[in-house]
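This report concerns only the one structure given below.
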Amino acid sequence: MFREGLFQFVTSFALPWYAVVGAQTGADVGLPVVGSLVLAVVGPTAGRFLIDVSCGVPPKQFVRGEWFVVIAALTGAVWIALDQAGLPRGASAPLAFLVGFAVRLTALYRGWEEPLAAEPAGVYRHDDGRPFLGRKIAGKSTRELRLLGLTVEPDDQ
């Protein structure tokens, strides 16, 4: 638990800094606001993706509840807003970092989870939680269901 907690803390510390560096780089090369925001998100998320894949764990971007990409976007947006307001970079970078770091730690401490995407129309849930596209397969023959991979042939034993 200590190692995982330390890793989460260090990640929470590094994530906003990389987002700020990405946003600053975008501004330095003259990208528009959207381009700077994209760099603020791509830098930390790509780095974390490579770290997780090389460690053999699921990337944090694919783990529900991490608020990883959202924190990178929030930190980059705060830095861009402060920079556009004319605040010196020596002040805007630490302020954006503090916002991202505080929100990340709060999300981890409180166990906030990212919202799931809405299910498409026509999806029904079985009692065991599996999605079932009822209207799309209503009236299909056994052969059609088998071709769709939705039926299991009984064993002939």
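Identifiers in this document derive from the order of the structure tokens: chains are assigned A, B, ..., residues are numbered from 1 separately in each chain, and ligands are numbered from 1 in order of occurrence.
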
| said: Would you pick out the contacts of A:Ile71 at 9 Å or less, using only C-alpha atoms, so that residues sharing its chain but fewer than 2 positions from it are not included, and give the list as a VMD selection string? | reply: chain A and resid 15 to 16 19 41 67 to 69 73 to 76 100 to 101 103 to 104

Write a file of the just-selected residues containing C-alpha atoms, as an mmCIF file, in the first residue's frame.
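The resulting file, selection_24.cif, is shown below:
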```cif
data_model
loop_
_atom_site.group_PDB
_atom_site.id
_atom_site.type_symbol
_atom_site.label_atom_id
_atom_site.label_comp_id
_atom_site.auth_asym_id
_atom_site.auth_seq_id
_atom_site.Cartn_x
_atom_site.Cartn_y
_atom_site.Cartn_z
ATOM 1 C CA LEU A 15 1.046 15.423 -13.861
ATOM 2 C CA PRO A 16 0.326 19.152 -13.451
ATOM 3 C CA ALA A 19 0.633 19.816 -18.344
ATOM 4 C CA VAL A 41 -3.031 16.957 -22.310
ATOM 5 C CA TRP A 67 -9.425 11.718 -13.473
ATOM 6 C CA PHE A 68 -6.035 11.726 -15.203
ATOM 7 C CA VAL A 69 -6.825 13.314 -18.561
ATOM 8 C CA ALA A 73 -6.769 19.512 -19.326
ATOM 9 C CA LEU A 74 -7.787 21.520 -16.261
ATOM 10 C CA THR A 75 -4.200 22.402 -15.379
ATOM 11 C CA GLY A 76 -3.415 23.401 -18.957
ATOM 12 C CA GLY A 100 -4.121 20.585 -10.752
ATOM 13 C CA PHE A 101 -2.301 19.047 -7.785
ATOM 14 C CA VAL A 103 -7.833 18.609 -7.560
ATOM 15 C CA ARG A 104 -5.899 15.390 -8.272
#
```

| field | Proximity to A:Ser36 - best of A:Phe97, A:Phe49, A:Trp79, A:Trp112, only C-alpha atoms | value |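 Comparing A:Phe97, A:Phe49, A:Trp79, A:Trp112 against A:Ser36, the winner is A:Trp79.
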
| task | Pick out the residues sitting within 9 Å of A:Pro59, and hand them over as a list in words; count only C-alpha atoms, and ignore anything fewer than 4 positions along from it in its own chain. | result | Arg48, Phe49, Leu50, Ile51, Asp52, Val53 and Val63 of chain A

| message | For A:Gln24, find every residue with an atom within 10 Å (counting only C-alpha atoms), except residues of its own chain fewer than 5 positions away, and show them as an MDAnalysis selection string. | response | chainID A and resid 18:19 29:31 36:37 39:40 76 79:80 83 89 93

| request: Select, from A:Ala91, A:Val99, A:Phe62, A:Pro32, the residue with the minimum atom-to-atom distance to A:Glu114, counting only C-alpha atoms. | output: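 Closest to A:Glu114, using only C-alpha atoms: A:Phe62.
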